[in-house]
file data-v6.cif (mmCIF, C-alpha atoms)
data_upload
loop_
_atom_site.group_PDB
_atom_site.id
_atom_site.type_symbol
_atom_site.label_atom_id
_atom_site.label_comp_id
_atom_site.auth_asym_id
_atom_site.auth_seq_id
_atom_site.Cartn_x
_atom_site.Cartn_y
_atom_site.Cartn_z
ATOM 1 C CA ASP A 36 15.307 9.385 21.447
ATOM 2 C CA PHE A 37 15.783 13.011 20.475
ATOM 3 C CA VAL A 38 18.287 15.209 22.275
ATOM 4 C CA GLN A 39 16.627 18.213 23.864
ATOM 5 C CA VAL A 40 18.583 21.418 23.434
ATOM 6 C CA PRO A 41 17.365 24.761 24.745
ATOM 7 C CA VAL A 42 16.559 27.123 21.888
ATOM 8 C CA GLU A 43 16.090 30.863 22.078
ATOM 9 C CA LEU A 44 13.822 32.454 19.515
ATOM 10 C CA PRO A 45 13.484 36.181 18.966
ATOM 11 C CA LEU A 46 10.149 37.607 19.999
ATOM 12 C CA GLU A 47 10.052 40.155 17.197
ATOM 13 C CA ARG A 48 8.465 38.766 14.042
ATOM 14 C CA LEU A 49 10.936 40.513 11.717
ATOM 15 C CA ASP A 50 13.876 38.549 13.102
ATOM 16 C CA VAL A 51 12.346 35.130 12.315
ATOM 17 C CA GLU A 52 13.426 33.548 9.025
ATOM 18 C CA ALA A 53 10.875 31.406 7.220
ATOM 19 C CA TRP A 54 12.080 28.219 5.558
ATOM 20 C CA HIS A 55 9.896 26.556 2.979
ATOM 21 C CA LEU A 56 10.704 22.848 2.955
ATOM 22 C CA SER A 57 9.237 20.907 0.091
ATOM 23 C CA PRO A 58 10.332 17.551 -1.278
ATOM 24 C CA PRO A 59 11.602 17.424 -4.861
ATOM 25 C CA LEU A 60 8.809 16.678 -7.325
ATOM 26 C CA GLU A 61 10.731 13.886 -9.049
ATOM 27 C CA LEU A 62 10.880 12.051 -5.732
ATOM 28 C CA LEU A 63 7.330 12.754 -4.597
ATOM 29 C CA GLY A 64 5.875 12.276 -8.067
ATOM 30 C CA TRP A 65 7.241 8.786 -8.640
ATOM 31 C CA SER A 66 6.523 7.280 -5.275
ATOM 32 C CA SER A 67 3.558 8.939 -3.653
ATOM 33 C CA ILE A 68 1.488 10.363 -6.481
ATOM 34 C CA GLY A 69 2.262 8.058 -9.406
ATOM 35 C CA SER A 70 2.041 4.706 -7.666
ATOM 36 C CA TYR A 71 -1.265 5.409 -5.952
ATOM 37 C CA ALA A 72 -2.669 6.912 -9.156
ATOM 38 C CA ALA A 73 -1.700 3.691 -10.965
ATOM 39 C CA VAL A 74 -3.620 1.630 -8.395
ATOM 40 C CA GLY A 75 -6.621 3.943 -8.816
ATOM 41 C CA VAL A 76 -6.525 3.662 -12.604
ATOM 42 C CA GLY A 77 -6.208 -0.117 -12.284
ATOM 43 C CA CYS A 78 -9.294 -0.236 -10.044
ATOM 44 C CA LEU A 79 -11.244 1.991 -12.443
ATOM 45 C CA LEU A 80 -10.272 -0.163 -15.431
ATOM 46 C CA THR A 81 -11.249 -3.253 -13.443
ATOM 47 C CA ALA A 82 -14.738 -1.860 -12.861
ATOM 48 C CA LEU A 83 -15.103 -0.850 -16.523
ATOM 49 C CA SER A 84 -13.882 -4.235 -17.689
ATOM 50 C CA GLY A 85 -16.369 -5.983 -15.439
ATOM 51 C CA MET A 86 -19.206 -3.974 -16.982
ATOM 52 C CA LEU A 87 -18.057 -4.276 -20.610
ATOM 53 C CA ARG A 88 -16.613 -7.816 -20.723
ATOM 54 C CA ASN A 89 -19.921 -9.489 -21.612
ATOM 55 C CA ARG A 90 -20.595 -7.048 -24.466
ATOM 56 C CA ILE A 91 -17.138 -6.630 -25.991
ATOM 57 C CA SER A 92 -15.073 -9.778 -26.464
ATOM 58 C CA TRP A 93 -11.599 -8.218 -26.664
ATOM 59 C CA VAL A 94 -11.753 -6.523 -23.234
ATOM 60 C CA PRO A 95 -9.245 -8.164 -20.858
ATOM 61 C CA ALA A 96 -10.349 -9.908 -17.693
ATOM 62 C CA PRO A 97 -10.869 -7.582 -14.723
ATOM 63 C CA HIS A 98 -8.246 -9.272 -12.544
ATOM 64 C CA HIS A 99 -5.647 -8.808 -15.292
ATOM 65 C CA LEU A 100 -6.304 -5.062 -15.383
ATOM 66 C CA LEU A 101 -6.108 -4.858 -11.592
ATOM 67 C CA ALA A 102 -2.791 -6.714 -11.736
ATOM 68 C CA LEU A 103 -1.611 -4.262 -14.399
ATOM 69 C CA GLY A 104 -2.416 -1.327 -12.088
ATOM 70 C CA PHE A 105 -0.487 -2.954 -9.230
ATOM 71 C CA ALA A 106 2.406 -3.725 -11.591
ATOM 72 C CA PHE A 107 2.690 -0.082 -12.669
ATOM 73 C CA ALA A 108 2.431 1.005 -9.033
ATOM 74 C CA TRP A 109 5.214 -1.424 -8.082
ATOM 75 C CA VAL A 110 7.462 -0.137 -10.879
ATOM 76 C CA LEU A 111 6.822 3.497 -9.923
ATOM 77 C CA MET A 112 7.418 2.802 -6.227
ATOM 78 C CA LEU A 113 10.658 0.980 -7.047
ATOM 79 C CA ARG A 114 11.649 3.948 -9.209
ATOM 80 C CA GLY A 115 10.929 6.208 -6.235
ATOM 81 C CA VAL A 116 13.269 4.096 -4.099
ATOM 82 C CA THR A 117 16.076 4.449 -6.640
ATOM 83 C CA VAL A 118 15.521 8.210 -6.930
ATOM 84 C CA ALA A 119 15.561 8.538 -3.128
ATOM 85 C CA VAL A 120 18.847 6.609 -2.917
ATOM 86 C CA ASP A 121 20.280 8.686 -5.749
ATOM 87 C CA MET A 122 19.343 11.903 -3.909
ATOM 88 C CA ARG A 123 20.766 10.448 -0.664
ATOM 89 C CA PHE A 124 17.405 10.489 1.110
ATOM 90 C CA TYR A 125 18.075 7.119 2.686
ATOM 91 C CA HIS A 126 15.354 7.434 5.308
ATOM 92 C CA TYR A 127 12.767 7.975 2.572
ATOM 93 C CA ALA A 128 14.211 5.096 0.548
ATOM 94 C CA TRP A 129 13.741 2.783 3.545
ATOM 95 C CA GLU A 130 10.191 3.998 3.975
ATOM 96 C CA LEU A 131 9.366 3.479 0.299
ATOM 97 C CA GLY A 132 11.182 0.153 0.295
ATOM 98 C CA SER A 133 8.826 -1.060 2.998
ATOM 99 C CA ARG A 134 5.984 -0.462 0.535
ATOM 100 C CA VAL A 135 7.559 -2.289 -2.421
ATOM 101 C CA ALA A 136 7.167 -5.834 -1.050
ATOM 102 C CA PRO A 137 3.448 -5.509 -0.189
ATOM 103 C CA LEU A 138 2.792 -4.048 -3.652
ATOM 104 C CA LEU A 139 4.578 -7.010 -5.231
ATOM 105 C CA ILE A 140 2.406 -9.380 -3.201
ATOM 106 C CA LEU A 141 -0.732 -7.506 -4.314
ATOM 107 C CA TRP A 142 0.422 -7.679 -7.932
ATOM 108 C CA ILE A 143 0.831 -11.452 -7.762
ATOM 109 C CA THR A 144 -2.373 -11.841 -5.749
ATOM 110 C CA ALA A 145 -4.382 -9.930 -8.356
ATOM 111 C CA LEU A 146 -3.385 -12.525 -10.949
ATOM 112 C CA LEU A 147 -4.499 -15.434 -8.759
ATOM 113 C CA GLN A 148 -8.017 -16.683 -8.373
ATOM 114 C CA GLY A 149 -9.697 -18.972 -5.892
ATOM 115 C CA PRO A 150 -8.383 -19.557 -2.365
ATOM 116 C CA TRP A 151 -4.946 -18.212 -3.311
ATOM 117 C CA LEU A 152 -6.481 -14.742 -3.303
ATOM 118 C CA PHE A 153 -7.046 -14.919 0.444
ATOM 119 C CA TYR A 154 -3.561 -16.295 1.111
ATOM 120 C CA GLY A 155 -2.173 -13.366 -0.876
ATOM 121 C CA LEU A 156 -4.321 -10.816 0.954
ATOM 122 C CA TRP A 157 -3.308 -12.163 4.363
ATOM 123 C CA SER A 158 0.384 -12.310 3.408
ATOM 124 C CA ASN A 159 0.156 -8.736 2.082
ATOM 125 C CA THR A 160 -1.432 -7.599 5.353
ATOM 126 C CA VAL A 161 1.169 -9.287 7.530
ATOM 127 C CA THR A 162 4.031 -8.048 5.332
ATOM 128 C CA ASN A 163 2.707 -4.478 5.234
ATOM 129 C CA ILE A 164 2.203 -4.219 8.996
ATOM 130 C CA GLY A 165 5.416 -6.132 9.799
ATOM 131 C CA LEU A 166 7.658 -4.051 7.557
ATOM 132 C CA TRP A 167 6.159 -0.817 8.863
ATOM 133 C CA ALA A 168 6.753 -2.023 12.433
ATOM 134 C CA CYS A 169 10.413 -2.575 11.491
ATOM 135 C CA ILE A 170 10.619 0.922 9.980
ATOM 136 C CA SER A 171 8.962 2.401 13.083
ATOM 137 C CA PHE A 172 11.407 0.564 15.309
ATOM 138 C CA TYR A 173 14.329 1.870 13.238
ATOM 139 C CA PHE A 174 13.111 5.484 13.166
ATOM 140 C CA TRP A 175 11.365 5.887 16.524
ATOM 141 C CA HIS A 176 12.733 2.927 18.564
ATOM 142 C CA ASN A 177 9.207 1.620 19.015
ATOM 143 C CA PRO A 178 7.469 -0.704 16.526
ATOM 144 C CA PHE A 179 4.079 0.743 17.483
ATOM 145 C CA ALA A 180 5.076 4.420 17.360
ATOM 146 C CA ARG A 181 3.248 5.143 14.102
ATOM 147 C CA ALA A 182 0.392 3.234 12.514
ATOM 148 C CA THR A 183 0.472 2.134 8.904
ATOM 149 C CA TYR A 184 -2.828 3.376 7.560
ATOM 150 C CA SER A 185 -2.661 1.271 4.415
ATOM 151 C CA GLY A 186 -1.902 -1.808 6.520
ATOM 152 C CA VAL A 187 -4.843 -1.176 8.837
ATOM 153 C CA ILE A 188 -7.215 -0.553 5.909
ATOM 154 C CA VAL A 189 -6.050 -3.703 4.121
ATOM 155 C CA LEU A 190 -6.377 -5.646 7.400
ATOM 156 C CA MET A 191 -9.990 -4.515 7.806
ATOM 157 C CA LEU A 192 -10.822 -5.335 4.168
ATOM 158 C CA THR A 193 -9.111 -8.720 4.431
ATOM 159 C CA ILE A 194 -11.031 -9.614 7.596
ATOM 160 C CA ILE A 195 -14.315 -8.563 5.973
ATOM 161 C CA ALA A 196 -13.541 -10.494 2.761
ATOM 162 C CA THR A 197 -12.553 -13.601 4.727
ATOM 163 C CA ILE A 198 -15.739 -13.520 6.819
ATOM 164 C CA LEU A 199 -17.914 -12.994 3.741
ATOM 165 C CA ARG A 200 -16.133 -15.826 1.911
ATOM 166 C CA TYR A 201 -16.650 -18.128 4.896
ATOM 167 C CA TRP A 202 -20.359 -17.267 5.038
ATOM 168 C CA ALA A 203 -20.736 -17.820 1.276
ATOM 169 C CA LEU A 204 -19.047 -21.228 1.470
ATOM 170 C CA ARG A 205 -21.180 -22.179 4.460
ATOM 171 C CA PHE A 206 -24.369 -21.103 2.674
ATOM 172 C CA SER A 207 -23.455 -22.980 -0.514
ATOM 173 C CA THR A 208 -22.650 -26.113 1.503
ATOM 174 C CA ARG A 209 -26.083 -25.944 3.138
ATOM 175 C CA VAL A 210 -27.777 -25.534 -0.240
ATOM 176 C CA LEU A 211 -25.895 -28.547 -1.621
ATOM 177 C CA GLU A 212 -26.855 -30.645 1.423
ATOM 178 C CA GLN A 213 -30.509 -29.721 0.966
ATOM 179 C CA ASP A 214 -30.415 -30.675 -2.724
ATOM 180 C CA GLN A 215 -29.144 -34.192 -1.981
#
call {"tool": "encode", "arguments": {"input": "data-v6.cif", "output": "structure tokens"}}
result
Amino acid sequence: DFVQVPVELPLERLDVEAWHLSPPLELLGWSSIGSYAAVGVGCLLTALSGMLRNRISWVPAPHHLLALGFAFAWVLMLRGVTVAVDMRFYHYAWELGSRVAPLLILWITALLQGPWLFYGLWSNTVTNIGLWACISFYFWHNPFARATYSGVIVLMLTIIATILRYWALRFSTRVLEQDQ
């Protein structure tokens, strides 16, 4: 872990130097802001497409627009990885790289329909949490040192979607049995 070194700080406020540390915008803009904005725009376009698809024939299918949002997010996140490597921020490149694979899985999953959707969601969840555990082990020597908030949120949504899908299939099977 970290080496503890005794540090002496001056008690007078005038002797303390303030350092403003901010990441470069080209690095933060590509990876953190741009990729998540692309997912948000994809979700918004998906909702609009779902409302307008029956009225306007040329509107693309909602799952195609969601896949387009994930595709742009994947490209921007991959661009963020290359910028981080170019700037020699290797720790940030590893962190962003652990987000590229789950975004690729979500991109492919958004194009799929039927039971493949749930296989994609579960593989995204396992990949997201597993890669972040590897990053946590590399940085903090403990795979459970920091939680991946996106992985936990996707895990909760995947569990809820799986339970609701199971209940819907069970209900439809009962209705079909009653009709026969």
call {"tool": "residues_around", "arguments": {"input": "data-v6.cif", "residues": "Tyr71 in chain A", "least_positions_apart": "5", "cutoff": "10 Å", "atoms": "only C-alpha atoms", "output": "list in words"}}
result
Trp65, Ser66, Val76, Gly77, Gly104, Phe105, Phe107, Ala108, Trp109, Leu111 and Met112 of chain A
call {"tool": "residues_near_point", "arguments": {"input": "data-v6.cif", "point": "(0.9, 4.1, 5.3)", "cutoff": "12 Å", "atoms": "all atoms listed in the file", "output": "ChimeraX atom specification"}}
result
/A:67,71,130-131,133-134,137,160,163-164,166-168,170-171,181-189
call {"tool": "closest_residue", "arguments": {"input": "data-v6.cif", "among": "A:Pro58, A:Ile68, A:Phe206, A:Leu190", "to": "Phe124 in chain A", "atoms": "all atoms listed in the file"}}
result
A:Pro58
call {"tool": "atom_distance", "arguments": {"input": "data-v6.cif", "atom1": "CA of Leu103 in chain A", "atom2": "CA of Tyr127 in chain A"}}
result
25.4 Å
call {"tool": "atom_distance", "arguments": {"input": "data-v6.cif", "atom1": "CA of Pro150 in chain A", "atom2": "CA of Ser92 in chain A"}}
result
26.9 Å
call {"tool": "closest_residue", "arguments": {"input": "data-v6.cif", "among": "A:Trp175, A:Leu113, A:Leu147, A:Phe153", "to": "Tyr201 in chain A", "atoms": "all atoms listed in the file"}}
result
A:Phe153
call {"tool": "atom_distance", "arguments": {"input": "data-v6.cif", "atom1": "CA of Ser70 in chain A", "atom2": "CA of Leu87 in chain A"}}
result
25.5 Å
call {"tool": "residues_around", "arguments": {"input": "data-v6.cif", "residues": "range 81-86 of chain A", "least_positions_apart": "2", "cutoff": "7 Å", "atoms": "only C-alpha atoms", "output": "short mmCIF file (atom, residue, chain, number, x, y, z; two decimals) with C-alpha atoms, in the frame of the given file"}}
result
data_model
loop_
_atom_site.label_atom_id
_atom_site.label_comp_id
_atom_site.auth_asym_id
_atom_site.auth_seq_id
_atom_site.Cartn_x
_atom_site.Cartn_y
_atom_site.Cartn_z
CA GLY A 77 -6.21 -0.12 -12.28
CA CYS A 78 -9.29 -0.24 -10.04
CA LEU A 79 -11.24 1.99 -12.44
CA ARG A 88 -16.61 -7.82 -20.72
CA VAL A 94 -11.75 -6.52 -23.23
CA PRO A 95 -9.24 -8.16 -20.86
CA ALA A 96 -10.35 -9.91 -17.69
CA PRO A 97 -10.87 -7.58 -14.72
CA HIS A 98 -8.25 -9.27 -12.54
CA LEU A 100 -6.30 -5.06 -15.38
CA LEU A 101 -6.11 -4.86 -11.59
#
call {"tool": "resolve_selection", "arguments": {"input": "data-v6.cif", "expression": "the PyMOL selection byres ((chain A and resi 157) around 10)", "output": "PDB file with C-alpha atoms, in the frame of the given file"}}
result
ATOM      1  CA  ILE A 140       2.406  -9.380  -3.201  1.00  0.00           C
ATOM      2  CA  TRP A 151      -4.946 -18.212  -3.311  1.00  0.00           C
ATOM      3  CA  LEU A 152      -6.481 -14.742  -3.303  1.00  0.00           C
ATOM      4  CA  PHE A 153      -7.046 -14.919   0.444  1.00  0.00           C
ATOM      5  CA  TYR A 154      -3.561 -16.295   1.111  1.00  0.00           C
ATOM      6  CA  GLY A 155      -2.173 -13.366  -0.876  1.00  0.00           C
ATOM      7  CA  LEU A 156      -4.321 -10.816   0.954  1.00  0.00           C
ATOM      8  CA  SER A 158       0.384 -12.310   3.408  1.00  0.00           C
ATOM      9  CA  ASN A 159       0.156  -8.736   2.082  1.00  0.00           C
ATOM     10  CA  THR A 160      -1.432  -7.599   5.353  1.00  0.00           C
ATOM     11  CA  VAL A 161       1.169  -9.287   7.530  1.00  0.00           C
ATOM     12  CA  THR A 162       4.031  -8.048   5.332  1.00  0.00           C
ATOM     13  CA  ASN A 163       2.707  -4.478   5.234  1.00  0.00           C
ATOM     14  CA  VAL A 189      -6.050  -3.703   4.121  1.00  0.00           C
ATOM     15  CA  LEU A 190      -6.377  -5.646   7.400  1.00  0.00           C
ATOM     16  CA  THR A 193      -9.111  -8.720   4.431  1.00  0.00           C
ATOM     17  CA  ILE A 194     -11.031  -9.614   7.596  1.00  0.00           C
ATOM     18  CA  THR A 197     -12.553 -13.601   4.727  1.00  0.00           C
TER      19      THR A 197
END
call {"tool": "closest_residue", "arguments": {"input": "data-v6.cif", "among": "A:Val210, A:Ala145, A:Ala119, A:Ala180", "to": "Pro59 in chain A", "atoms": "all atoms listed in the file"}}
result
A:Ala119
call {"tool": "axis_aligned_box", "arguments": {"input": "data-v6.cif", "around": "range 118-134 of chain A", "padding_each_side": "5 Å", "output": "JSON"}}
result
{"center_x": 13.4, "center_y": 5.4, "center_z": -0.8, "size_x": 24.8, "size_y": 23.0, "size_z": 22.2}
call {"tool": "residues_around", "arguments": {"input": "data-v6.cif", "residues": "Trp142 in chain A", "least_positions_apart": "3", "cutoff": "7 Å", "atoms": "only C-alpha atoms", "output": "number ranges by chain"}}
result
A: 102, 105-106, 138-139, 145-146
call {"tool": "decode", "arguments": {"input": "data-v6.cif", "residues": "range 58-89 of chain A", "atoms": "N, CA, C and O atoms", "output": "compact mmCIF listing (two decimals), in the first residue's frame"}}
result
# COMPACT_ATOMS: atom_id res chain seq x y z
N PRO A 58 -7.93 17.96 -14.87
CA PRO A 58 -7.54 17.16 -16.02
C PRO A 58 -7.71 17.95 -17.31
O PRO A 58 -8.54 18.84 -17.40
N PRO A 59 -6.92 17.64 -18.32
CA PRO A 59 -7.07 18.33 -19.61
C PRO A 59 -8.46 18.08 -20.20
O PRO A 59 -8.99 16.97 -20.10
N LEU A 60 -9.04 19.09 -20.80
CA LEU A 60 -10.39 18.98 -21.33
C LEU A 60 -10.48 17.97 -22.47
O LEU A 60 -11.47 17.27 -22.61
N GLU A 61 -9.42 17.87 -23.29
CA GLU A 61 -9.50 16.91 -24.39
C GLU A 61 -9.55 15.48 -23.89
O GLU A 61 -10.10 14.60 -24.53
N LEU A 62 -9.01 15.23 -22.71
CA LEU A 62 -9.09 13.89 -22.13
C LEU A 62 -10.44 13.68 -21.45
O LEU A 62 -11.11 12.68 -21.68
N LEU A 63 -10.85 14.62 -20.64
CA LEU A 63 -12.10 14.50 -19.91
C LEU A 63 -13.30 14.60 -20.86
O LEU A 63 -14.30 13.91 -20.69
N GLY A 64 -13.19 15.44 -21.87
CA GLY A 64 -14.29 15.64 -22.80
C GLY A 64 -14.62 14.41 -23.61
O GLY A 64 -15.78 14.06 -23.79
N TRP A 65 -13.60 13.72 -24.11
CA TRP A 65 -13.85 12.54 -24.93
C TRP A 65 -14.44 11.40 -24.12
O TRP A 65 -15.43 10.79 -24.51
N SER A 66 -13.83 11.12 -22.99
CA SER A 66 -14.19 9.90 -22.28
C SER A 66 -15.38 10.08 -21.36
O SER A 66 -16.37 9.36 -21.46
N SER A 67 -15.31 11.02 -20.47
CA SER A 67 -16.34 11.11 -19.44
C SER A 67 -17.59 11.85 -19.90
O SER A 67 -18.70 11.38 -19.69
N ILE A 68 -17.42 12.98 -20.53
CA ILE A 68 -18.58 13.79 -20.90
C ILE A 68 -19.20 13.29 -22.19
O ILE A 68 -20.40 13.03 -22.27
N GLY A 69 -18.39 13.12 -23.23
CA GLY A 69 -18.92 12.78 -24.55
C GLY A 69 -19.57 11.42 -24.62
O GLY A 69 -20.64 11.26 -25.22
N SER A 70 -18.95 10.41 -24.02
CA SER A 70 -19.50 9.06 -24.14
C SER A 70 -20.83 8.93 -23.40
O SER A 70 -21.78 8.34 -23.91
N TYR A 71 -20.91 9.51 -22.21
CA TYR A 71 -22.17 9.41 -21.47
C TYR A 71 -23.24 10.30 -22.08
O TYR A 71 -24.43 9.97 -22.01
N ALA A 72 -22.86 11.40 -22.69
CA ALA A 72 -23.83 12.23 -23.42
C ALA A 72 -24.37 11.48 -24.63
O ALA A 72 -25.56 11.59 -24.96
N ALA A 73 -23.51 10.70 -25.30
CA ALA A 73 -23.95 9.92 -26.46
C ALA A 73 -24.97 8.86 -26.03
O ALA A 73 -25.96 8.62 -26.74
N VAL A 74 -24.75 8.22 -24.89
CA VAL A 74 -25.72 7.24 -24.39
C VAL A 74 -27.04 7.94 -24.06
O VAL A 74 -28.12 7.44 -24.38
N GLY A 75 -26.96 9.12 -23.45
CA GLY A 75 -28.18 9.87 -23.13
C GLY A 75 -28.95 10.28 -24.36
O GLY A 75 -30.19 10.17 -24.40
N VAL A 76 -28.24 10.75 -25.38
CA VAL A 76 -28.90 11.13 -26.64
C VAL A 76 -29.51 9.90 -27.30
O VAL A 76 -30.63 9.95 -27.84
N GLY A 77 -28.80 8.77 -27.25
CA GLY A 77 -29.35 7.53 -27.80
C GLY A 77 -30.62 7.10 -27.10
O GLY A 77 -31.59 6.68 -27.75
N CYS A 78 -30.66 7.24 -25.78
CA CYS A 78 -31.87 6.89 -25.02
C CYS A 78 -33.02 7.85 -25.35
O CYS A 78 -34.17 7.43 -25.48
N LEU A 79 -32.71 9.14 -25.48
CA LEU A 79 -33.74 10.11 -25.84
C LEU A 79 -34.30 9.84 -27.23
O LEU A 79 -35.52 9.87 -27.44
N LEU A 80 -33.41 9.56 -28.19
CA LEU A 80 -33.87 9.25 -29.54
C LEU A 80 -34.66 7.94 -29.58
O LEU A 80 -35.60 7.81 -30.37
N THR A 81 -34.32 7.01 -28.71
CA THR A 81 -35.07 5.76 -28.62
C THR A 81 -36.50 6.03 -28.16
O THR A 81 -37.45 5.49 -28.72
N ALA A 82 -36.65 6.87 -27.15
CA ALA A 82 -37.99 7.21 -26.66
C ALA A 82 -38.79 7.95 -27.73
O ALA A 82 -39.98 7.66 -27.94
N LEU A 83 -38.16 8.91 -28.42
CA LEU A 83 -38.85 9.64 -29.47
C LEU A 83 -39.24 8.73 -30.63
O LEU A 83 -40.32 8.85 -31.19
N SER A 84 -38.35 7.83 -30.98
CA SER A 84 -38.65 6.89 -32.06
C SER A 84 -39.80 5.97 -31.70
O SER A 84 -40.64 5.65 -32.54
N GLY A 85 -39.85 5.55 -30.45
CA GLY A 85 -40.95 4.70 -30.02
C GLY A 85 -42.29 5.41 -30.10
O GLY A 85 -43.32 4.79 -30.39
N MET A 86 -42.29 6.73 -29.85
CA MET A 86 -43.54 7.48 -29.91
C MET A 86 -43.93 7.82 -31.35
O MET A 86 -45.11 7.89 -31.67
N LEU A 87 -42.93 8.05 -32.22
CA LEU A 87 -43.23 8.53 -33.57
C LEU A 87 -43.24 7.43 -34.64
O LEU A 87 -43.63 7.69 -35.77
N ARG A 88 -42.79 6.25 -34.32
CA ARG A 88 -42.63 5.19 -35.33
C ARG A 88 -43.95 4.81 -35.99
O ARG A 88 -43.99 4.49 -37.18
N ASN A 89 -45.04 4.81 -35.26
CA ASN A 89 -46.33 4.43 -35.85
C ASN A 89 -46.91 5.51 -36.76
O ASN A 89 -47.70 5.22 -37.63
